[in-house]
Every structure is written in structure tokens, then in C-alpha cells.
Amino acid sequence: MKTAIVTGASSGIGLEAAKKLVSMNYRVYGLARSFSKTKWENEAFVKLVCDVADIKQIKNCAAQILSEAASVDILLNNAGVGYFGPHEEIKTEHIEEMVKTNLLAPLILTRLLLRELKKSQGYIINIASITALKASVFGGAYGATKAGVRHFGISLFDEVRRIGVKVVTINPDIVKTSFYDHLNFKEHDDPESYITPQSIADAIEMILRQRDGTILSEITIRPQKHLIEKRKQKKP
Ligand SMILES: NC(=O)c1ccc[n+]([C@@H]2O[C@H](COP(=O)([O-])OP(=O)(O)OC[C@H]3O[C@@H](n4cnc5c(N)ncnc54)[C@H](OP(=O)(O)O)[C@@H]3O)[C@@H](O)[C@H]2O)c1
């Protein structure tokens with residue numbers, strides 16, 4: 001059985017991707033700080049409590065996986081957090097959390113697993129964001145982490161393509177997940193104004209089903225309509 005590692009697998013995109021990968025016969029190691037909200041269970045879904053903003057915990061998790069798994073075939077760098085607002089109002093600890101979770105963790109985890117991914121000629125799939133591609137007003141710090149992870153992915157693609165590793169960047173626009181729970185805006189109710197996490201999981205399946213030698217190296221997924229809903233009572 002092939003092995004996939006999914007960070008941020010307790011909810012949203014990561015959880016739907018984990019379900020998809022299990023349905024495709026992968027054993028999935030899912031990483032998150034807590035799985036208390038995760039109702040889904042499966043014997044091929046191994047929940048690993050790991051704060052990816054803590055390099056020591058990343059190293060311990062990677063070591064555990066490397067000692068247990070026969071191969072590492074997919075690394076899905078998905079865990080992420082977002083804080084938005086006028087830059088001077090974003091807490092410095094929130095900026096640090098975004099940089100560590102969204103950018104540093106993918107760099108470190110990829111570093112720790114790349115040798116195995118080279119052996120398996122596997123996939124590294126990075127969840128970046130539409131904010132990596134354009135100016136993001138009130139989201140400069142978040143967008144910077146996502147532009148960083150995108151740049152890392154497209155650079156690594158050229159570094160490792162001849163060895164057989166496939167590096168893929170996905171840039172989702174607004175996805176209906178708990179990502180917005182603490183924010184003062186969220187997806188609009190109009191179903192054409194958001195993407196579902198299932199659509200991202202479907203894109204991952206499409207990436208994995210390409211014929212050998214063909215890589216969908218970057219995918220941008222957007223809703224038909226551009227609408228968001230403001231929540232006045234919450235502060236960024
Ligand atoms: N929703 C959107 O509109 C959207 C658009 C573009 C890109 N994205 C990106 O998509 C990715 C997934 O987000 P989502 O929309 O699915 O939101 P979500 O439902 O809030 O999922 C975020 C996941 O990341 C995990 N996570 C956060 N901090 C972590 C940490 N320090 N260590 C380990 N796991 C951590 C969370 O688990 P715990 O809280 O249990 O640790 C959760 O499993 C993120 O990188 C986000 O930036 C989202």
C-alpha cells in the first residue's frame with residue numbers, strides 16, 4: 001500500500017483530500033494539532049497530532065512516519081492559517097504563526113521527506129492560494145506566505161523533475177471551510193461564489209491520474225462569481 005502524508009488533515013481541504021486518497025488505496029498519515037472535530041475514521045487514516053509550526057514536532061512526526069512506512073509517495077502540504085486586516089493591526093504572533101505554518105513547515109517537511117519521495121518518484125502537492133498570484137489587500141502577510149510556498153514549488157519542480165518527483169502547486173480561491181471561522185468575512189451563501197473542499201480533492205485525483213510523464217504542475221481553481229460576505233461583529 002502506498003503512503004500519503006497530509007498536513008492539516010483534521011478539517012476542510014486536508015480532510016477531503018485524505019478521504020480521497022484513502023478511496024484511491026493510499027494509507028494516509030494526517031497531521032493536525034487536534035482531531036477532536038474530525039468525525040471521520042478509517043483504518044487507513046492514521047491521525048498524528050503534530051503542530052507543524054513547531055520544527056521539533058515536525059521532525060518527530062517525520063521520523064515516526066519514516067520508521068513505519070515502506071515508502072512515502074505523496075506529501076500534501078496543506079496546513080495553513082490566515083489572519084487579515086490592515087497590516088499594522090495584525091498581531092505579531094499571528095504573522096509568526098502564518099509564516100511558520102504556511103511557509104516554514106512545507107519547506108522543512110519537504111526537506112525531511114525528499115529523499116524518500118525521490119526513491120518513490122512521488123508527488124509533492126502544495127496548497128498555495130489565489131493570493132499567491134495577485135495583490136491581496138488586507139492580506140499582504142498571508143499572501144506573502146502563499147507566494148513563498150508557490151515559488152518554492154515551482155522552483156523545486158525544476159530541481160527534481162529529472163529525478164521523477166512531481167511537484168504540484170494548487171492555488172484555490174475562496175473555499176467553503178472553517179478557515180474563515182475566526183475572520184470578519186466568509187464565503188457568500190451563493191453556491192457559485194465558493195469552491196468546495198471536495199472540488200480540491202477531485203483536482204488532486206486528476207493530478208494523480210495523469211499518464212506517466214505528464215504533470216499538472218500548477219492549477220488555479222476559482223468560483224464562477226466573486227462575492228464575499230462581511231461579518232461585522234468579528235475582528236481580524
Ligand atoms: N479556505 C480557503 O478559502 C482557502 C483558499 C486558498 C487556500 N487555502 C489554504 O488551504 C489550506 C487548508 O485550509 P482550509 O480552507 O481547509 O481550512 P481549515 O478547514 O481551517 O483547515 C486548516 C487545517 O490546517 C490545520 N492546521 C492549522 N494550523 C496548524 C498547525 N500549526 N499544525 C498542524 N495543523 C495545522 C488545521 O488543523 P488544527 O487546527 O486541528 O491544527 C486544519 O486541519 C490552508 O493552507 C489555507 O491557507 C484555503
# chains A, B, ... in the order shown; residues from 1 in each chain; ligands from 1
$ residues_around --residues "Ala144 (chain A)" --least-positions-apart "4" --cutoff "9 Å" --atoms "only C-alpha atoms" --output "PyMOL selection string"
chain A and resi 99+131-132+139-140+148-149
$ closest_atom_pairs --of "region 39-106 of chain A" --to "region 193-215 of chain A" --cutoff "12 Å" --atoms "only C-alpha atoms" --output "JSON lines"
{"residue": "A:Asp73", "atom": "CA", "partner": "A:Leu208", "partner_atom": "CA", "distance": 10.9}
{"residue": "A:Ile74", "atom": "CA", "partner": "A:Leu208", "partner_atom": "CA", "distance": 9.6}
{"residue": "A:Leu75", "atom": "CA", "partner": "A:Ile204", "partner_atom": "CA", "distance": 11.7}
{"residue": "A:Leu76", "atom": "CA", "partner": "A:Ile204", "partner_atom": "CA", "distance": 9.6}
{"residue": "A:Asn78", "atom": "CA", "partner": "A:Ile200", "partner_atom": "CA", "distance": 11.2}
$ residues_near_ligand --ligand "ligand 1" --cutoff "8 Å" --atoms "only C-alpha atoms and all ligand atoms" --output "compact mmCIF listing (two decimals) with N, CA and C atoms, in the first residue's frame"
# COMPACT_ATOMS: atom_id res chain seq x y z
N THR A 7 -0.82 17.28 5.66
CA THR A 7 -0.84 18.17 6.81
C THR A 7 -2.17 18.93 6.83
N GLY A 8 -2.62 19.24 8.04
CA GLY A 8 -3.92 19.91 8.15
C GLY A 8 -5.05 19.00 7.74
N ALA A 9 -5.00 17.75 8.23
CA ALA A 9 -5.97 16.74 7.79
C ALA A 9 -7.18 16.63 8.72
N SER A 10 -7.31 17.53 9.68
CA SER A 10 -8.42 17.41 10.63
C SER A 10 -9.71 18.06 10.11
N SER A 11 -9.62 18.89 9.08
CA SER A 11 -10.83 19.56 8.57
C SER A 11 -10.58 20.05 7.14
N GLY A 12 -11.64 20.55 6.53
CA GLY A 12 -11.53 21.27 5.26
C GLY A 12 -10.87 20.49 4.13
N ILE A 13 -10.00 21.18 3.42
CA ILE A 13 -9.36 20.62 2.22
C ILE A 13 -8.54 19.37 2.59
N GLY A 14 -7.80 19.44 3.68
CA GLY A 14 -6.94 18.32 4.08
C GLY A 14 -7.74 17.08 4.38
N LEU A 15 -8.86 17.23 5.07
CA LEU A 15 -9.69 16.07 5.41
C LEU A 15 -10.31 15.48 4.14
N LEU A 31 -1.81 14.93 9.63
CA LEU A 31 -1.22 15.71 10.72
C LEU A 31 -2.12 16.90 11.05
N ALA A 32 -2.29 17.16 12.34
CA ALA A 32 -3.01 18.37 12.79
C ALA A 32 -2.74 18.52 14.28
N ARG A 33 -3.08 19.71 14.81
CA ARG A 33 -2.87 19.91 16.25
C ARG A 33 -3.89 19.16 17.08
N SER A 34 -5.07 18.93 16.50
CA SER A 34 -6.13 18.22 17.23
C SER A 34 -7.08 17.58 16.23
N PHE A 35 -7.59 16.40 16.59
CA PHE A 35 -8.58 15.74 15.74
C PHE A 35 -9.93 15.66 16.44
N SER A 36 -10.12 16.49 17.48
CA SER A 36 -11.37 16.40 18.24
C SER A 36 -12.58 16.73 17.37
N LYS A 37 -12.39 17.59 16.33
CA LYS A 37 -13.52 17.95 15.46
C LYS A 37 -13.68 17.00 14.28
N VAL A 49 -0.99 13.69 15.91
CA VAL A 49 -1.07 15.04 16.50
C VAL A 49 0.30 15.70 16.33
N CYS A 50 0.30 16.80 15.60
CA CYS A 50 1.57 17.47 15.29
C CYS A 50 1.30 18.95 15.00
N ASP A 51 1.93 19.81 15.75
CA ASP A 51 1.86 21.25 15.47
C ASP A 51 2.97 21.55 14.47
N VAL A 52 2.60 21.79 13.23
CA VAL A 52 3.63 21.96 12.20
C VAL A 52 4.33 23.32 12.30
N ALA A 53 3.85 24.17 13.21
CA ALA A 53 4.56 25.44 13.46
C ALA A 53 5.76 25.21 14.39
N ASP A 54 5.92 23.98 14.86
CA ASP A 54 6.99 23.64 15.79
C ASP A 54 7.94 22.64 15.08
N ASN A 77 1.28 19.31 1.36
CA ASN A 77 1.49 20.42 2.29
C ASN A 77 0.26 21.31 2.24
N ASN A 78 -0.62 21.13 3.22
CA ASN A 78 -1.92 21.81 3.19
C ASN A 78 -2.19 22.65 4.43
N ALA A 79 -1.63 22.29 5.58
CA ALA A 79 -1.97 23.01 6.82
C ALA A 79 -1.73 24.50 6.63
N GLY A 80 -2.67 25.30 7.09
CA GLY A 80 -2.49 26.74 6.93
C GLY A 80 -3.46 27.53 7.78
N VAL A 81 -3.05 28.75 8.07
CA VAL A 81 -3.90 29.67 8.82
C VAL A 81 -3.85 31.04 8.15
N GLY A 82 -4.89 31.82 8.35
CA GLY A 82 -4.92 33.16 7.75
C GLY A 82 -5.42 34.20 8.73
N GLU A 97 2.86 32.98 13.26
CA GLU A 97 2.15 31.70 13.09
C GLU A 97 1.93 31.41 11.60
N LYS A 100 5.30 30.43 9.97
CA LYS A 100 5.74 29.09 10.38
C LYS A 100 4.85 28.00 9.79
N THR A 101 3.55 28.20 9.86
CA THR A 101 2.61 27.14 9.43
C THR A 101 2.53 27.04 7.91
N ASN A 102 2.40 28.20 7.26
CA ASN A 102 2.11 28.19 5.82
C ASN A 102 3.36 28.04 4.96
N ILE A 127 -0.56 23.32 -1.25
CA ILE A 127 -1.75 24.16 -1.34
C ILE A 127 -1.32 25.60 -1.09
N ALA A 128 -1.21 26.35 -2.17
CA ALA A 128 -0.88 27.78 -2.05
C ALA A 128 -2.21 28.54 -1.99
N SER A 129 -2.42 29.48 -2.86
CA SER A 129 -3.66 30.27 -2.79
C SER A 129 -3.70 31.22 -3.98
N ILE A 130 -4.89 31.67 -4.31
CA ILE A 130 -5.04 32.72 -5.32
C ILE A 130 -4.25 33.97 -4.89
N THR A 131 -4.09 34.14 -3.57
CA THR A 131 -3.36 35.33 -3.07
C THR A 131 -1.87 35.26 -3.41
N LYS A 146 1.95 32.57 1.03
CA LYS A 146 1.45 31.72 -0.05
C LYS A 146 2.27 31.91 -1.34
N ASN A 171 -3.63 26.56 -6.43
CA ASN A 171 -3.99 27.90 -5.97
C ASN A 171 -5.51 28.01 -5.88
N PRO A 172 -6.07 27.69 -4.71
CA PRO A 172 -7.53 27.83 -4.61
C PRO A 172 -7.92 29.28 -4.34
N ASP A 173 -9.03 29.68 -4.91
CA ASP A 173 -9.70 30.92 -4.49
C ASP A 173 -10.53 30.53 -3.26
N ILE A 174 -11.61 31.19 -2.98
CA ILE A 174 -12.32 31.01 -1.71
C ILE A 174 -12.99 29.61 -1.63
N VAL A 175 -12.63 28.87 -0.59
CA VAL A 175 -13.15 27.51 -0.40
C VAL A 175 -14.02 27.52 0.87
N LYS A 176 -15.13 26.85 0.81
CA LYS A 176 -16.05 26.84 1.96
C LYS A 176 -15.54 25.86 3.02
N THR A 177 -14.79 26.40 3.98
CA THR A 177 -14.23 25.58 5.07
C THR A 177 -14.25 26.41 6.36
N SER A 178 -13.73 25.80 7.42
CA SER A 178 -13.69 26.53 8.71
C SER A 178 -12.55 27.56 8.76
N PHE A 179 -11.81 27.70 7.66
CA PHE A 179 -10.72 28.69 7.57
C PHE A 179 -11.20 30.09 7.98
N TYR A 180 -12.48 30.37 7.68
CA TYR A 180 -12.99 31.73 7.90
C TYR A 180 -13.67 31.91 9.26
N ASP A 181 -13.69 30.84 10.08
CA ASP A 181 -14.48 30.89 11.32
C ASP A 181 -14.08 32.05 12.23
N GLU A 187 -17.15 33.10 2.91
CA GLU A 187 -17.72 32.90 1.58
C GLU A 187 -19.19 33.36 1.59
N TYR A 194 -18.25 30.13 -4.21
CA TYR A 194 -17.19 29.44 -3.49
C TYR A 194 -16.90 28.07 -4.12
N ILE A 195 -15.73 27.55 -3.77
CA ILE A 195 -15.33 26.20 -4.18
C ILE A 195 -15.57 25.30 -2.98
N PRO A 197 -14.31 21.94 -0.66
CA PRO A 197 -13.08 21.15 -0.46
C PRO A 197 -13.09 19.87 -1.29
$ atom_distance --atom1 "CA of Leu21 (chain A)" --atom2 "CA of Ala147 (chain A)"
26.2 Å
$ atom_distance --atom1 "CA of Arg161 (chain A)" --atom2 "CA of Gly143 (chain A)"
26.3 Å
$ residues_around --residues "Glu192 (chain A)" --least-positions-apart "3" --cutoff "8 Å" --atoms "only C-alpha atoms" --output "ChimeraX atom specification"
/A:195,223-225
$ write_last_selection --atoms "C-alpha atoms" --output "PDB file, in the first residue's frame"
ATOM      1  CA  ILE A 195     -15.326  26.200  -4.184  1.00  0.00           C
ATOM      2  CA  PRO A 223     -15.580  30.065  -8.247  1.00  0.00           C
ATOM      3  CA  GLN A 224     -17.695  31.459 -11.051  1.00  0.00           C
ATOM      4  CA  LYS A 225     -18.714  34.546  -9.060  1.00  0.00           C
TER       5      LYS A 225
END
$ atom_distance --atom1 "CA of Thr3 (chain A)" --atom2 "CA of Val72 (chain A)"
5.2 Å
$ select_by_dssp --residues "region 36-229 of chain A" --states "strand (DSSP E)" --output "PyMOL selection string"
chain A and resi 45-49+74-77+123-127+166-172+185-187+218-221+228-229
$ write_last_selection --atoms "N, CA and C atoms" --output "short mmCIF file (atom, residue, chain, number, x, y, z; two decimals), in the first residue's frame"
data_model
loop_
_atom_site.label_atom_id
_atom_site.label_comp_id
_atom_site.auth_asym_id
_atom_site.auth_seq_id
_atom_site.Cartn_x
_atom_site.Cartn_y
_atom_site.Cartn_z
N PHE A 45 -6.46 5.63 7.74
CA PHE A 45 -6.24 7.06 8.07
C PHE A 45 -5.61 7.12 9.46
N VAL A 46 -4.32 7.44 9.51
CA VAL A 46 -3.58 7.47 10.77
C VAL A 46 -3.50 8.93 11.23
N LYS A 47 -4.10 9.21 12.36
CA LYS A 47 -4.10 10.59 12.86
C LYS A 47 -2.86 10.84 13.71
N LEU A 48 -2.07 11.80 13.31
CA LEU A 48 -0.86 12.14 14.07
C LEU A 48 -1.00 13.56 14.61
N VAL A 49 -0.99 13.69 15.91
CA VAL A 49 -1.07 15.04 16.50
C VAL A 49 0.30 15.70 16.33
N ILE A 74 3.29 10.44 -1.43
CA ILE A 74 2.68 11.78 -1.61
C ILE A 74 2.90 12.59 -0.34
N LEU A 75 3.35 13.81 -0.52
CA LEU A 75 3.35 14.79 0.58
C LEU A 75 2.43 15.92 0.16
N LEU A 76 1.33 16.08 0.90
CA LEU A 76 0.40 17.19 0.63
C LEU A 76 0.59 18.24 1.72
N ASN A 77 1.28 19.31 1.36
CA ASN A 77 1.49 20.42 2.29
C ASN A 77 0.26 21.31 2.24
N TYR A 123 4.88 12.44 -5.34
CA TYR A 123 4.28 13.76 -5.56
C TYR A 123 4.44 14.64 -4.33
N ILE A 124 4.78 15.88 -4.57
CA ILE A 124 4.69 16.93 -3.53
C ILE A 124 3.62 17.88 -4.03
N ILE A 125 2.54 17.99 -3.27
CA ILE A 125 1.45 18.88 -3.68
C ILE A 125 1.33 19.98 -2.63
N ASN A 126 1.52 21.21 -3.04
CA ASN A 126 1.46 22.34 -2.12
C ASN A 126 0.17 23.11 -2.34
N ILE A 127 -0.56 23.32 -1.25
CA ILE A 127 -1.75 24.16 -1.34
C ILE A 127 -1.32 25.60 -1.09
N LYS A 166 7.29 14.64 -8.74
CA LYS A 166 6.31 15.55 -9.34
C LYS A 166 5.93 16.60 -8.31
N VAL A 167 6.16 17.85 -8.63
CA VAL A 167 5.81 18.93 -7.70
C VAL A 167 4.66 19.73 -8.29
N VAL A 168 3.61 19.86 -7.51
CA VAL A 168 2.38 20.47 -8.00
C VAL A 168 1.95 21.59 -7.04
N THR A 169 1.55 22.70 -7.60
CA THR A 169 1.03 23.81 -6.80
C THR A 169 -0.44 24.00 -7.12
N ILE A 170 -1.26 24.06 -6.06
CA ILE A 170 -2.69 24.35 -6.26
C ILE A 170 -2.99 25.72 -5.65
N ASN A 171 -3.63 26.56 -6.43
CA ASN A 171 -3.99 27.90 -5.97
C ASN A 171 -5.51 28.01 -5.88
N PRO A 172 -6.07 27.69 -4.71
CA PRO A 172 -7.53 27.83 -4.61
C PRO A 172 -7.92 29.28 -4.34
N PHE A 185 -14.88 38.01 7.58
CA PHE A 185 -15.54 37.77 6.30
C PHE A 185 -15.55 36.28 6.03
N LYS A 186 -16.40 35.87 5.13
CA LYS A 186 -16.50 34.44 4.79
C LYS A 186 -17.04 34.32 3.37
N GLU A 187 -17.15 33.10 2.91
CA GLU A 187 -17.72 32.90 1.58
C GLU A 187 -19.19 33.36 1.59
N GLU A 218 0.71 23.19 -12.05
CA GLU A 218 0.06 24.27 -11.30
C GLU A 218 -1.40 24.37 -11.72
N ILE A 219 -2.27 24.43 -10.72
CA ILE A 219 -3.71 24.51 -11.00
C ILE A 219 -4.30 25.65 -10.16
N THR A 220 -5.05 26.53 -10.80
CA THR A 220 -5.77 27.59 -10.10
C THR A 220 -7.26 27.27 -10.18
N ILE A 221 -7.92 27.27 -9.04
CA ILE A 221 -9.34 26.89 -9.02
C ILE A 221 -10.14 28.06 -8.44
N ILE A 228 -18.09 38.01 -1.51
CA ILE A 228 -17.80 37.55 -0.14
C ILE A 228 -18.81 38.19 0.80
N GLU A 229 -18.91 37.62 1.99
CA GLU A 229 -19.87 38.15 2.96
C GLU A 229 -19.10 38.71 4.14
#
$ residues_around --residues "Arg115 (chain A)" --least-positions-apart "4" --cutoff "12 Å" --atoms "only C-alpha atoms" --output "JSON, numbers by chain"
{"A": [66, 71, 72, 73, 109, 110, 111, 119, 120, 121, 122, 160, 163, 164, 165]}
$ select_by_dssp --residues "region 11-134 of chain A" --states "helix (DSSP H, G or I)" --output "PyMOL selection string"
chain A and resi 12-23+55-68+87-89+92-120+130-132
$ residues_around --residues "Ile154 (chain A)" --least-positions-apart "2" --cutoff "8 Å" --atoms "only C-alpha atoms" --output "list in words"
Arg150, His151, Phe152, Leu156, Phe157, Asp158, Val167, Val168, Thr169 and Ser217 of chain A
$ write_last_selection --atoms "C-alpha atoms" --output "tab-separated table (two decimals), in the first residue's frame"
chain	number	residue	atom	x	y	z
A	150	ARG	CA	4.20	28.75	-4.60
A	151	HIS	CA	7.66	29.98	-5.53
A	152	PHE	CA	9.20	27.10	-3.61
A	156	LEU	CA	11.55	22.63	-6.74
A	157	PHE	CA	9.67	21.29	-9.77
A	158	ASP	CA	12.59	22.29	-11.97
A	167	VAL	CA	5.81	18.93	-7.70
A	168	VAL	CA	2.38	20.47	-8.00
A	169	THR	CA	1.03	23.81	-6.80
A	217	SER	CA	2.37	21.43	-12.30
$ closest_residue --among "A:Ala105, A:Phe84, A:Asn25, A:Arg231" --to "Lys56 (chain A)" --atoms "only C-alpha atoms"
A:Ala105
$ closest_residue --among "A:Ile95, A:Leu113, A:Ala18, A:Leu103" --to "Lys59 (chain A)" --atoms "only C-alpha atoms"
A:Leu113
$ closest_residue --among "A:Lys19, A:Lys118, A:Arg162, A:His226" --to "Trp40 (chain A)" --atoms "only C-alpha atoms"
A:Lys19
